[in-house]
file coords.cif (mmCIF, C-alpha atoms)
data_data
loop_
_atom_site.label_atom_id
_atom_site.label_comp_id
_atom_site.auth_asym_id
_atom_site.auth_seq_id
_atom_site.Cartn_x
_atom_site.Cartn_y
_atom_site.Cartn_z
CA MET P 251 7.58 50.32 42.68
CA SER P 252 11.35 50.59 42.93
CA ILE P 253 13.61 47.57 43.15
CA GLY P 254 13.69 46.10 46.64
CA ILE P 255 15.44 43.32 48.48
CA LEU P 256 14.37 40.14 50.28
CA GLY P 257 15.56 38.93 53.65
CA ASN P 258 14.93 37.24 56.97
CA LYS P 259 14.24 38.82 60.33
CA ILE P 260 17.01 37.98 62.80
CA GLY P 261 15.64 39.69 65.90
CA MET P 262 15.63 42.92 67.88
CA THR P 263 18.26 44.72 69.90
CA GLN P 264 19.06 48.29 70.87
CA ILE P 265 21.67 50.87 70.01
CA PHE P 266 22.59 54.16 71.68
CA ASP P 267 22.62 57.49 69.90
CA GLU P 268 24.94 60.43 70.53
CA ASN P 269 22.72 61.58 73.41
CA GLY P 270 22.91 58.22 75.14
CA LEU P 271 19.28 57.32 74.40
CA ALA P 272 18.47 53.66 73.74
CA ILE P 273 16.83 53.13 70.34
CA PRO P 274 15.10 49.80 69.56
CA VAL P 275 16.24 48.33 66.25
CA THR P 276 15.40 45.26 64.19
CA VAL P 277 18.27 43.34 62.61
CA ILE P 278 17.55 41.90 59.15
CA LYS P 279 19.62 39.54 57.03
CA ALA P 280 18.93 41.13 53.64
CA GLY P 281 20.18 39.55 50.43
CA PRO P 282 22.17 39.07 48.43
CA CYS P 283 19.37 38.59 45.90
CA ILE P 284 19.84 37.34 42.35
CA VAL P 285 17.94 38.63 39.31
CA THR P 286 16.22 35.51 37.94
CA GLN P 287 13.96 37.04 35.27
CA ILE P 288 13.53 40.31 33.40
CA LYS P 289 10.05 41.14 32.12
CA ASN P 290 9.15 43.87 29.64
CA ILE P 291 6.06 45.27 27.98
CA SER P 292 6.67 43.63 24.60
CA ASN P 293 6.91 40.08 25.98
CA ASN P 294 4.95 40.17 29.24
CA GLY P 295 2.76 43.25 29.08
CA TYR P 296 4.54 45.07 31.90
CA ASP P 297 8.02 45.96 33.12
CA ALA P 298 9.26 44.06 36.16
CA ILE P 299 12.28 42.36 37.69
CA GLN P 300 12.07 38.99 39.42
CA VAL P 301 14.63 38.34 42.14
CA GLY P 302 15.42 35.23 44.15
CA PHE P 303 16.64 34.84 47.71
CA SER P 304 17.97 31.99 49.89
CA PRO P 305 19.50 28.95 48.14
CA LYS P 306 17.26 25.90 47.77
CA LYS P 307 18.41 22.30 47.68
CA ILE P 308 18.26 20.81 44.18
CA ARG P 309 16.41 17.72 45.44
CA ASN P 310 13.52 19.98 46.45
CA VAL P 311 13.28 21.76 43.08
CA LYS P 312 10.77 20.60 40.48
CA LYS P 313 11.70 20.31 36.81
CA PRO P 314 9.83 23.45 35.62
CA GLU P 315 11.51 25.45 38.38
CA MET P 316 14.89 23.98 37.46
CA GLY P 317 14.37 25.06 33.84
CA HIS P 318 13.52 28.57 35.00
CA PHE P 319 16.73 28.86 37.03
CA ASN P 320 18.87 27.26 34.31
CA LYS P 321 17.55 29.82 31.82
CA ALA P 322 18.63 32.59 34.18
CA GLY P 323 22.00 30.89 34.74
CA CYS P 324 21.77 31.08 38.52
CA LYS P 325 21.43 28.76 41.49
CA THR P 326 18.08 27.47 42.68
CA MET P 327 16.33 29.88 45.02
CA ARG P 328 13.77 29.33 47.75
CA PHE P 329 11.91 32.67 47.48
CA LEU P 330 10.98 34.60 44.34
CA LYS P 331 9.51 38.10 44.21
CA GLU P 332 8.69 40.60 41.47
CA PHE P 333 9.29 44.33 41.60
CA ARG P 334 7.83 46.76 39.08
CA VAL P 335 10.48 48.95 37.45
CA LYS P 336 10.45 51.63 34.78
CA GLU P 337 13.69 50.63 33.03
CA PRO P 338 14.22 46.84 33.08
CA GLU P 339 17.10 47.17 30.62
CA ASP P 340 19.22 48.49 33.50
CA PHE P 341 19.32 44.97 34.97
CA THR P 342 20.92 41.74 33.78
CA LEU P 343 20.20 38.08 34.53
CA GLY P 344 22.28 36.81 37.40
CA GLN P 345 22.92 40.32 38.75
CA SER P 346 23.39 40.45 42.51
CA ILE P 347 21.41 42.95 44.58
CA LYS P 348 22.95 43.69 47.96
CA VAL P 349 22.34 45.97 50.94
CA ASP P 350 24.69 48.49 49.31
CA SER P 351 21.70 49.67 47.24
CA PHE P 352 20.31 51.30 50.41
CA LYS P 353 21.66 54.25 52.38
CA ILE P 354 21.78 55.09 56.08
CA GLY P 355 18.90 57.40 56.94
CA GLN P 356 16.75 56.14 54.08
CA LEU P 357 13.08 55.33 54.74
CA VAL P 358 11.86 51.88 53.70
CA ASN P 359 8.66 49.83 53.78
CA VAL P 360 8.80 46.33 55.25
CA THR P 361 6.24 43.65 54.39
CA GLY P 362 5.99 40.35 56.25
CA LYS P 363 3.54 37.86 57.72
CA SER P 364 2.39 38.74 61.22
CA ILE P 365 2.49 36.24 64.09
CA GLY P 366 -0.54 33.95 64.06
CA LYS P 367 -2.58 34.01 67.27
CA GLY P 368 -5.14 31.36 66.39
CA PHE P 369 -8.89 31.58 66.90
CA SER P 370 -9.42 34.71 68.99
CA GLY P 371 -12.44 36.41 70.51
CA LEU P 372 -13.84 39.88 69.95
CA GLN P 373 -11.86 41.61 72.70
CA LYS P 374 -8.52 40.38 71.42
CA ARG P 375 -9.25 40.44 67.70
CA HIS P 376 -11.28 43.66 67.33
CA ASN P 377 -10.64 45.45 70.65
CA PHE P 378 -14.30 45.22 71.71
CA ALA P 379 -15.33 46.24 75.23
CA ARG P 380 -16.29 43.45 77.61
CA GLY P 381 -19.52 43.17 79.56
CA PRO P 382 -19.94 43.90 83.29
CA MET P 383 -18.05 41.52 85.59
CA THR P 384 -20.33 41.82 88.66
CA HIS P 385 -24.00 42.07 89.74
CA GLY P 386 -24.89 38.68 88.36
CA SER P 387 -23.88 39.45 84.80
CA LYS P 388 -23.36 36.41 82.59
CA ASN P 389 -22.12 38.41 79.62
CA HIS P 390 -18.43 38.90 80.31
CA ARG P 391 -16.68 38.24 76.99
CA ALA P 392 -19.65 36.98 74.99
CA PRO P 393 -20.33 38.51 71.55
CA GLY P 394 -23.89 39.55 72.37
CA SER P 395 -26.37 40.48 69.65
CA ILE P 396 -25.07 40.36 66.09
CA GLY P 397 -28.03 42.02 64.37
CA ALA P 398 -31.74 42.81 64.42
CA GLY P 399 -34.20 39.89 64.31
CA THR P 400 -36.93 41.27 62.04
CA THR P 401 -35.09 43.59 59.69
CA PRO P 402 -32.91 42.63 57.93
CA GLY P 403 -33.34 39.24 59.61
CA ARG P 404 -29.83 38.09 58.79
CA VAL P 405 -26.20 38.76 59.65
CA LEU P 406 -24.74 41.43 57.38
CA PRO P 407 -21.51 40.51 55.57
CA GLY P 408 -18.33 41.89 57.11
CA LYS P 409 -19.59 41.75 60.68
CA ASN P 410 -16.71 41.80 63.16
CA MET P 411 -16.78 38.44 64.91
CA ALA P 412 -14.41 35.94 66.47
CA GLY P 413 -12.03 34.08 64.15
CA GLN P 414 -8.48 33.71 62.93
CA HIS P 415 -6.26 36.47 64.32
CA GLY P 416 -2.90 37.38 62.82
CA ASN P 417 -1.02 35.26 60.25
CA LYS P 418 -1.55 37.76 57.43
CA ASN P 419 0.65 40.05 55.38
CA VAL P 420 1.35 43.36 57.12
CA THR P 421 3.30 46.36 55.81
CA ILE P 422 5.10 48.79 58.12
CA SER P 423 5.86 52.04 56.30
CA LYS P 424 8.69 54.54 56.59
CA LEU P 425 11.12 52.73 58.86
CA LYS P 426 14.47 54.48 59.07
CA ILE P 427 17.71 52.65 58.29
CA LEU P 428 20.11 53.26 61.17
CA GLY P 429 22.95 51.00 60.07
CA ILE P 430 24.24 48.83 57.22
CA ASP P 431 26.74 45.96 57.49
CA SER P 432 27.82 45.15 53.93
CA LYS P 433 30.13 42.34 55.00
CA GLU P 434 27.38 40.36 56.76
CA SER P 435 24.51 41.70 54.59
CA LEU P 436 22.69 43.19 57.58
CA LEU P 437 20.25 46.07 57.83
CA PHE P 438 19.41 47.80 61.11
CA LEU P 439 15.94 49.37 61.07
CA LYS P 440 14.46 51.63 63.73
CA GLY P 441 11.46 50.02 65.40
CA ALA P 442 9.70 46.67 64.99
CA ILE P 443 8.62 44.73 61.90
CA PRO P 444 6.01 41.99 61.43
CA GLY P 445 6.59 38.37 62.38
CA LYS P 446 8.92 36.37 64.55
CA PRO P 447 12.68 35.77 64.09
CA GLY P 448 13.36 33.90 60.87
CA ASN P 449 10.32 35.42 59.15
CA PHE P 450 10.64 36.06 55.39
CA ILE P 451 10.22 39.76 54.61
CA THR P 452 10.33 42.18 51.67
CA ILE P 453 12.04 45.58 51.91
CA THR P 454 11.27 48.37 49.43
CA SER P 455 12.16 52.02 49.31
CA SER P 456 9.54 54.43 50.63
CA LEU P 457 8.84 56.87 47.82
CA SER P 458 7.40 59.61 50.06
#

call {"tool": "encode", "arguments": {"input": "coords.cif", "output": "C-alpha coordinates"}}
result
Amino acid sequence: MSIGILGNKIGMTQIFDENGLAIPVTVIKAGPCIVTQIKNISNNGYDAIQVGFSPKKIRNVKKPEMGHFNKAGCKTMRFLKEFRVKEPEDFTLGQSIKVDSFKIGQLVNVTGKSIGKGFSGLQKRHNFARGPMTHGSKNHRAPGSIGAGTTPGRVLPGKNMAGQHGNKNVTISKLKILGIDSKESLLFLKGAIPGKPGNFITITSSLS
(Lines of atoms letter the chains of each structure in order from A and count residues from 1; the text may use other names and numbers.)
(Lines give C-alpha, C1' and ligand atoms only; values in the text may rest on other atoms or scores of the structure.)
Protein backbone atom coordinates (compact mmCIF):
# COMPACT_ATOMS: atom_id res chain seq x y z
CA MET A 1 0.00 0.00 0.00
CA SER A 2 1.33 3.43 -0.89
CA ILE A 3 1.38 6.30 1.56
CA GLY A 4 -2.01 7.93 1.92
CA ILE A 5 -3.56 10.85 3.75
CA LEU A 6 -6.25 11.29 6.40
CA GLY A 7 -9.04 13.82 6.39
CA ASN A 8 -12.62 14.80 7.12
CA LYS A 9 -15.56 14.94 4.76
CA ILE A 10 -16.86 18.51 4.42
CA GLY A 11 -19.81 17.90 2.12
CA MET A 12 -20.90 17.76 -1.51
CA THR A 13 -21.28 20.39 -4.19
CA GLN A 14 -21.09 20.56 -7.97
CA ILE A 15 -18.73 21.99 -10.55
CA PHE A 16 -19.17 22.57 -14.28
CA ASP A 17 -16.86 21.16 -16.92
CA GLU A 18 -15.89 22.75 -20.23
CA ASN A 19 -19.10 21.43 -21.82
CA GLY A 20 -21.28 23.03 -19.17
CA LEU A 21 -22.25 19.72 -17.56
CA ALA A 22 -22.75 19.67 -13.79
CA ILE A 23 -20.47 17.15 -12.05
CA PRO A 24 -21.16 16.14 -8.42
CA VAL A 25 -18.06 16.41 -6.25
CA THR A 26 -17.20 15.71 -2.62
CA VAL A 27 -15.05 18.25 -0.77
CA ILE A 28 -12.55 16.77 1.69
CA LYS A 29 -10.34 18.50 4.22
CA ALA A 30 -7.24 16.32 3.81
CA GLY A 31 -4.21 16.75 6.04
CA PRO A 32 -1.74 17.98 6.78
CA CYS A 33 -0.69 14.70 8.38
CA ILE A 34 2.41 14.22 10.52
CA VAL A 35 4.65 11.14 10.47
CA THR A 36 4.53 9.89 14.07
CA GLN A 37 6.35 6.55 13.74
CA ILE A 38 8.54 4.70 11.25
CA LYS A 39 8.48 0.90 11.36
CA ASN A 40 10.91 -1.44 9.64
CA ILE A 41 11.47 -5.16 9.26
CA SER A 42 14.38 -5.36 11.69
CA ASN A 43 12.49 -3.78 14.61
CA ASN A 44 8.83 -4.46 13.88
CA GLY A 45 8.75 -7.27 11.34
CA TYR A 46 7.32 -5.14 8.54
CA ASP A 47 7.80 -1.79 6.82
CA ALA A 48 5.16 0.85 7.55
CA ILE A 49 4.64 4.52 8.26
CA GLN A 50 2.30 5.77 10.97
CA VAL A 51 0.75 9.18 10.42
CA GLY A 52 -1.40 11.36 12.66
CA PHE A 53 -4.17 13.79 11.82
CA SER A 54 -6.19 16.45 13.67
CA PRO A 55 -4.67 17.99 16.83
CA LYS A 56 -5.86 16.60 20.15
CA LYS A 57 -6.08 18.50 23.41
CA ILE A 58 -3.33 17.54 25.85
CA ARG A 59 -5.84 17.06 28.69
CA ASN A 60 -7.42 14.23 26.69
CA VAL A 61 -4.12 12.42 26.03
CA LYS A 62 -3.04 9.54 28.25
CA LYS A 63 0.55 9.19 29.45
CA PRO A 64 1.53 6.31 27.11
CA GLU A 65 0.16 8.28 24.16
CA MET A 66 2.01 11.39 25.31
CA GLY A 67 5.27 9.42 25.41
CA HIS A 68 4.63 8.17 21.89
CA PHE A 69 4.15 11.70 20.54
CA ASN A 70 7.09 13.10 22.52
CA LYS A 71 9.34 10.41 21.02
CA ALA A 72 8.24 11.52 17.56
CA GLY A 73 8.71 15.18 18.49
CA CYS A 74 5.28 16.21 17.26
CA LYS A 75 2.00 17.51 18.64
CA THR A 76 -0.66 15.20 20.02
CA MET A 77 -2.94 13.81 17.33
CA ARG A 78 -6.50 12.57 17.44
CA PHE A 79 -6.30 9.97 14.64
CA LEU A 80 -3.46 7.56 13.87
CA LYS A 81 -3.18 5.32 10.82
CA GLU A 82 -0.53 3.01 9.37
CA PHE A 83 0.38 2.67 5.72
CA ARG A 84 2.56 -0.13 4.37
CA VAL A 85 5.53 1.18 2.37
CA LYS A 86 8.47 -0.44 0.61
CA GLU A 87 11.11 2.14 1.58
CA PRO A 88 10.47 3.59 5.07
CA GLU A 89 13.88 5.27 5.03
CA ASP A 90 12.42 7.85 2.63
CA PHE A 91 10.41 9.32 5.52
CA THR A 92 11.43 11.17 8.68
CA LEU A 93 9.70 11.68 12.03
CA GLY A 94 7.69 14.87 12.09
CA GLN A 95 7.48 15.04 8.29
CA SER A 96 4.33 16.72 7.00
CA ILE A 97 2.22 15.01 4.33
CA LYS A 98 -0.04 17.38 2.42
CA VAL A 99 -2.46 17.28 -0.50
CA ASP A 100 0.46 18.22 -2.77
CA SER A 101 1.38 14.51 -2.83
CA PHE A 102 -1.67 13.93 -5.08
CA LYS A 103 -2.27 15.10 -8.65
CA ILE A 104 -5.35 16.26 -10.52
CA GLY A 105 -6.77 13.38 -12.53
CA GLN A 106 -5.33 10.76 -10.19
CA LEU A 107 -7.55 7.86 -9.05
CA VAL A 108 -7.83 7.26 -5.31
CA ASN A 109 -9.60 4.90 -2.92
CA VAL A 110 -11.60 6.40 -0.05
CA THR A 111 -12.41 4.46 3.12
CA GLY A 112 -14.86 5.69 5.74
CA LYS A 113 -17.67 4.59 8.03
CA SER A 114 -21.08 4.53 6.37
CA ILE A 115 -24.12 6.23 7.87
CA GLY A 116 -25.78 4.04 10.51
CA LYS A 117 -29.45 3.28 9.83
CA GLY A 118 -30.23 1.33 12.97
CA PHE A 119 -32.12 -1.95 13.18
CA SER A 120 -33.54 -2.50 9.70
CA GLY A 121 -35.74 -5.14 8.11
CA LEU A 122 -35.06 -7.46 5.20
CA GLN A 123 -36.37 -5.16 2.47
CA LYS A 124 -34.16 -2.26 3.50
CA ARG A 125 -31.11 -4.22 4.63
CA HIS A 126 -30.91 -6.98 2.00
CA ASN A 127 -33.25 -5.71 -0.75
CA PHE A 128 -35.69 -8.60 -0.29
CA ALA A 129 -39.03 -8.59 -2.12
CA ARG A 130 -42.13 -7.94 -0.02
CA GLY A 131 -45.21 -10.13 0.16
CA PRO A 132 -48.55 -9.42 -1.54
CA MET A 133 -50.36 -6.32 -0.24
CA THR A 134 -53.95 -7.42 -1.08
CA HIS A 135 -56.31 -10.43 -1.06
CA GLY A 136 -56.14 -10.86 2.67
CA SER A 137 -52.40 -11.37 2.82
CA LYS A 138 -50.86 -10.89 6.26
CA ASN A 139 -47.30 -11.28 5.04
CA HIS A 140 -46.35 -7.83 3.82
CA ARG A 141 -42.82 -7.21 5.14
CA ALA A 142 -42.47 -10.27 7.36
CA PRO A 143 -39.34 -12.45 7.01
CA GLY A 144 -41.27 -15.65 6.32
CA SER A 145 -39.63 -19.07 6.60
CA ILE A 146 -35.95 -19.08 7.55
CA GLY A 147 -35.24 -22.76 6.93
CA ALA A 148 -36.59 -26.30 6.72
CA GLY A 149 -38.07 -27.84 9.89
CA THR A 150 -36.85 -31.44 9.65
CA THR A 151 -33.53 -31.15 7.86
CA PRO A 152 -31.29 -29.54 8.95
CA GLY A 153 -33.67 -28.51 11.74
CA ARG A 154 -31.80 -25.32 12.53
CA VAL A 155 -30.99 -21.91 11.10
CA LEU A 156 -27.82 -22.03 9.02
CA PRO A 157 -25.11 -19.50 9.92
CA GLY A 158 -24.94 -16.43 7.69
CA LYS A 159 -28.66 -16.31 6.98
CA ASN A 160 -29.73 -12.86 5.78
CA MET A 161 -32.02 -11.49 8.47
CA ALA A 162 -33.01 -8.18 10.02
CA GLY A 163 -30.38 -6.36 12.09
CA GLN A 164 -27.96 -3.47 12.26
CA HIS A 165 -27.74 -1.68 8.92
CA GLY A 166 -24.88 0.63 7.99
CA ASN A 167 -22.29 1.98 10.44
CA LYS A 168 -19.45 -0.09 8.97
CA ASN A 169 -16.26 0.63 7.07
CA VAL A 170 -16.85 1.03 3.34
CA THR A 171 -14.27 1.61 0.58
CA ILE A 172 -15.11 3.42 -2.65
CA SER A 173 -12.50 2.68 -5.31
CA LYS A 174 -11.12 4.71 -8.18
CA LEU A 175 -12.55 8.15 -7.49
CA LYS A 176 -11.05 10.82 -9.71
CA ILE A 177 -9.46 13.94 -8.25
CA LEU A 178 -10.94 16.95 -10.02
CA GLY A 179 -9.32 19.71 -7.99
CA ILE A 180 -6.72 20.44 -5.31
CA ASP A 181 -6.57 23.51 -3.05
CA SER A 182 -3.13 23.47 -1.42
CA LYS A 183 -3.77 26.63 0.58
CA GLU A 184 -6.85 25.24 2.35
CA SER A 185 -5.76 21.56 2.15
CA LEU A 186 -8.84 20.57 0.15
CA LEU A 187 -9.42 17.72 -2.27
CA PHE A 188 -12.32 17.66 -4.73
CA LEU A 189 -13.33 14.11 -5.68
CA LYS A 190 -15.82 13.11 -8.37
CA GLY A 191 -18.84 11.37 -6.87
CA ALA A 192 -19.87 10.47 -3.33
CA ILE A 193 -17.95 8.92 -0.43
CA PRO A 194 -19.14 7.07 2.68
CA GLY A 195 -20.52 8.83 5.74
CA LYS A 196 -21.96 12.18 6.65
CA PRO A 197 -20.19 15.58 6.79
CA GLY A 198 -17.43 15.55 9.39
CA ASN A 199 -16.77 11.84 8.91
CA PHE A 200 -13.16 10.67 9.34
CA ILE A 201 -11.84 9.11 6.13
CA THR A 202 -8.67 7.59 4.68
CA ILE A 203 -7.49 8.38 1.14
CA THR A 204 -4.99 6.14 -0.66
CA SER A 205 -3.76 5.99 -4.22
CA SER A 206 -5.47 3.47 -6.49
CA LEU A 207 -2.72 1.27 -7.86
CA SER A 208 -4.71 0.05 -10.89

call {"tool": "resolve_selection", "arguments": {"input": "coords.cif", "expression": "the PyMOL selection byres ((chain P and resi 297) around 10)", "output": "JSON, numbers by chain"}}
result
{"P": [288, 289, 290, 291, 292, 293, 294, 295, 296, 298, 299, 332, 333, 334, 335, 336, 337, 338, 339]}

call {"tool": "write_last_selection", "arguments": {"input": "coords.cif", "atoms": "C-alpha atoms", "output": "PDB file, in the frame of the given file"}}
result
ATOM      1  CA  ILE P 288      13.530  40.310  33.400  1.00  0.00           C
ATOM      2  CA  LYS P 289      10.050  41.140  32.120  1.00  0.00           C
ATOM      3  CA  ASN P 290       9.150  43.870  29.640  1.00  0.00           C
ATOM      4  CA  ILE P 291       6.060  45.270  27.980  1.00  0.00           C
ATOM      5  CA  SER P 292       6.670  43.630  24.600  1.00  0.00           C
ATOM      6  CA  ASN P 293       6.910  40.080  25.980  1.00  0.00           C
ATOM      7  CA  ASN P 294       4.950  40.170  29.240  1.00  0.00           C
ATOM      8  CA  GLY P 295       2.760  43.250  29.080  1.00  0.00           C
ATOM      9  CA  TYR P 296       4.540  45.070  31.900  1.00  0.00           C
ATOM     10  CA  ALA P 298       9.260  44.060  36.160  1.00  0.00           C
ATOM     11  CA  ILE P 299      12.280  42.360  37.690  1.00  0.00           C
ATOM     12  CA  GLU P 332       8.690  40.600  41.470  1.00  0.00           C
ATOM     13  CA  PHE P 333       9.290  44.330  41.600  1.00  0.00           C
ATOM     14  CA  ARG P 334       7.830  46.760  39.080  1.00  0.00           C
ATOM     15  CA  VAL P 335      10.480  48.950  37.450  1.00  0.00           C
ATOM     16  CA  LYS P 336      10.450  51.630  34.780  1.00  0.00           C
ATOM     17  CA  GLU P 337      13.690  50.630  33.030  1.00  0.00           C
ATOM     18  CA  PRO P 338      14.220  46.840  33.080  1.00  0.00           C
ATOM     19  CA  GLU P 339      17.100  47.170  30.620  1.00  0.00           C
TER      20      GLU P 339
END

call {"tool": "resolve_selection", "arguments": {"input": "coords.cif", "expression": "the PyMOL selection byres ((chain P and resi 373-389) around 12)", "output": "list in words"}}
result
Gly366, Lys367, Gly368, Phe369, Ser370, Gly371, Leu372, His390, Arg391, Ala392, Pro393, Gly394, Ser395, Lys409, Asn410, Met411, Ala412, Gly413, Gln414, His415 and Gly416 of chain P

call {"tool": "atom_distance", "arguments": {"input": "coords.cif", "atom1": "CA of Asn310 (chain P)", "atom2": "CA of Glu434 (chain P)"}}
result
26.7 Å

call {"tool": "atom_distance", "arguments": {"input": "coords.cif", "atom1": "CA of Thr342 (chain P)", "atom2": "CA of Lys312 (chain P)"}}
result
24.4 Å

call {"tool": "resolve_selection", "arguments": {"input": "coords.cif", "expression": "the PyMOL selection byres ((chain P and resi 425) around 7)", "output": "ChimeraX atom specification"}}
result
/P:357-359,423-424,426-427,439-440

call {"tool": "atom_distance", "arguments": {"input": "coords.cif", "atom1": "CA of Ser432 (chain P)", "atom2": "CA of Gly344 (chain P)"}}
result
19.3 Å

call {"tool": "closest_residue", "arguments": {"input": "coords.cif", "among": "P:Leu437, P:Ile278, P:Val405, P:Ala398", "to": "Ser351 (chain P)", "atoms": "all atoms listed in the file"}}
result
P:Leu437

call {"tool": "residues_around", "arguments": {"input": "coords.cif", "residues": "Gly257 (chain P)", "least_positions_apart": "3", "cutoff": "7 Å", "atoms": "all atoms listed in the file", "output": "JSON, numbers by chain"}}
result
{"P": [278, 279, 280, 281, 450, 451, 452]}

call {"tool": "residues_around", "arguments": {"input": "coords.cif", "residues": "Ala442 (chain P)", "least_positions_apart": "4", "cutoff": "8 Å", "atoms": "all atoms listed in the file", "output": "list in words"}}
result
Met262, Pro274, Val275 and Thr276 of chain P

call {"tool": "closest_residue", "arguments": {"input": "coords.cif", "among": "P:Ile273, P:Cys283, P:Ala322, P:Val349", "to": "Ser435 (chain P)", "atoms": "only C-alpha atoms"}}
result
P:Val349

call {"tool": "closest_residue", "arguments": {"input": "coords.cif", "among": "P:Gly254, P:Gly261, P:Pro407, P:Gly397", "to": "Asn449 (chain P)", "atoms": "all atoms listed in the file"}}
result
P:Gly261

call {"tool": "build_atoms", "arguments": {"input": "coords.cif", "residues": "region 265-286 of chain P", "atoms": "N, CA and C atoms", "output": "mmCIF file, in the frame of the given file"}}
result
data_model
loop_
_atom_site.group_PDB
_atom_site.id
_atom_site.type_symbol
_atom_site.label_atom_id
_atom_site.label_comp_id
_atom_site.auth_asym_id
_atom_site.auth_seq_id
_atom_site.Cartn_x
_atom_site.Cartn_y
_atom_site.Cartn_z
ATOM 1 N N ILE P 265 20.433 50.125 70.187
ATOM 2 C CA ILE P 265 21.670 50.870 70.010
ATOM 3 C C ILE P 265 21.503 52.207 70.725
ATOM 4 N N PHE P 266 22.617 52.888 70.961
ATOM 5 C CA PHE P 266 22.590 54.160 71.680
ATOM 6 C C PHE P 266 23.042 55.271 70.744
ATOM 7 N N ASP P 267 22.274 56.359 70.748
ATOM 8 C CA ASP P 267 22.620 57.490 69.900
ATOM 9 C C ASP P 267 23.629 58.398 70.603
ATOM 10 N N GLU P 268 23.925 59.538 69.984
ATOM 11 C CA GLU P 268 24.940 60.430 70.530
ATOM 12 C C GLU P 268 24.516 61.060 71.852
ATOM 13 N N ASN P 269 23.219 61.050 72.142
ATOM 14 C CA ASN P 269 22.720 61.580 73.410
ATOM 15 C C ASN P 269 22.595 60.528 74.495
ATOM 16 N N GLY P 270 22.979 59.298 74.168
ATOM 17 C CA GLY P 270 22.910 58.220 75.140
ATOM 18 C C GLY P 270 21.537 57.583 75.258
ATOM 19 N N LEU P 271 20.616 57.905 74.358
ATOM 20 C CA LEU P 271 19.280 57.320 74.400
ATOM 21 C C LEU P 271 19.268 55.965 73.716
ATOM 22 N N ALA P 272 18.581 55.001 74.310
ATOM 23 C CA ALA P 272 18.470 53.660 73.740
ATOM 24 C C ALA P 272 17.393 53.666 72.653
ATOM 25 N N ILE P 273 17.752 53.176 71.475
ATOM 26 C CA ILE P 273 16.830 53.130 70.340
ATOM 27 C C ILE P 273 16.608 51.665 69.970
ATOM 28 N N PRO P 274 15.352 51.185 69.961
ATOM 29 C CA PRO P 274 15.100 49.800 69.560
ATOM 30 C C PRO P 274 15.277 49.633 68.052
ATOM 31 N N VAL P 275 15.990 48.593 67.662
ATOM 32 C CA VAL P 275 16.240 48.330 66.250
ATOM 33 C C VAL P 275 15.966 46.861 65.938
ATOM 34 N N THR P 276 15.591 46.617 64.693
ATOM 35 C CA THR P 276 15.400 45.260 64.190
ATOM 36 C C THR P 276 16.548 44.931 63.245
ATOM 37 N N VAL P 277 17.155 43.782 63.439
ATOM 38 C CA VAL P 277 18.270 43.340 62.610
ATOM 39 C C VAL P 277 17.724 42.399 61.535
ATOM 40 N N ILE P 278 18.065 42.674 60.276
ATOM 41 C CA ILE P 278 17.550 41.900 59.150
ATOM 42 C C ILE P 278 18.711 41.400 58.311
ATOM 43 N N LYS P 279 18.678 40.127 57.991
ATOM 44 C CA LYS P 279 19.620 39.540 57.030
ATOM 45 C C LYS P 279 19.025 39.740 55.645
ATOM 46 N N ALA P 280 19.512 40.733 54.918
ATOM 47 C CA ALA P 280 18.930 41.130 53.640
ATOM 48 C C ALA P 280 19.869 40.780 52.493
ATOM 49 N N GLY P 281 19.401 39.907 51.607
ATOM 50 C CA GLY P 281 20.180 39.550 50.430
ATOM 51 C C GLY P 281 21.390 38.682 50.769
ATOM 52 N N PRO P 282 22.293 38.537 49.797
ATOM 53 C CA PRO P 282 22.170 39.070 48.430
ATOM 54 C C PRO P 282 21.088 38.347 47.625
ATOM 55 N N CYS P 283 20.415 39.122 46.777
ATOM 56 C CA CYS P 283 19.370 38.590 45.900
ATOM 57 C C CYS P 283 19.901 38.538 44.459
ATOM 58 N N ILE P 284 19.397 37.550 43.729
ATOM 59 C CA ILE P 284 19.840 37.340 42.350
ATOM 60 C C ILE P 284 18.690 37.619 41.403
ATOM 61 N N VAL P 285 18.948 38.363 40.332
ATOM 62 C CA VAL P 285 17.940 38.630 39.310
ATOM 63 C C VAL P 285 17.721 37.350 38.502
ATOM 64 N N THR P 286 16.521 36.786 38.595
ATOM 65 C CA THR P 286 16.220 35.510 37.940
ATOM 66 C C THR P 286 15.395 35.671 36.671
#
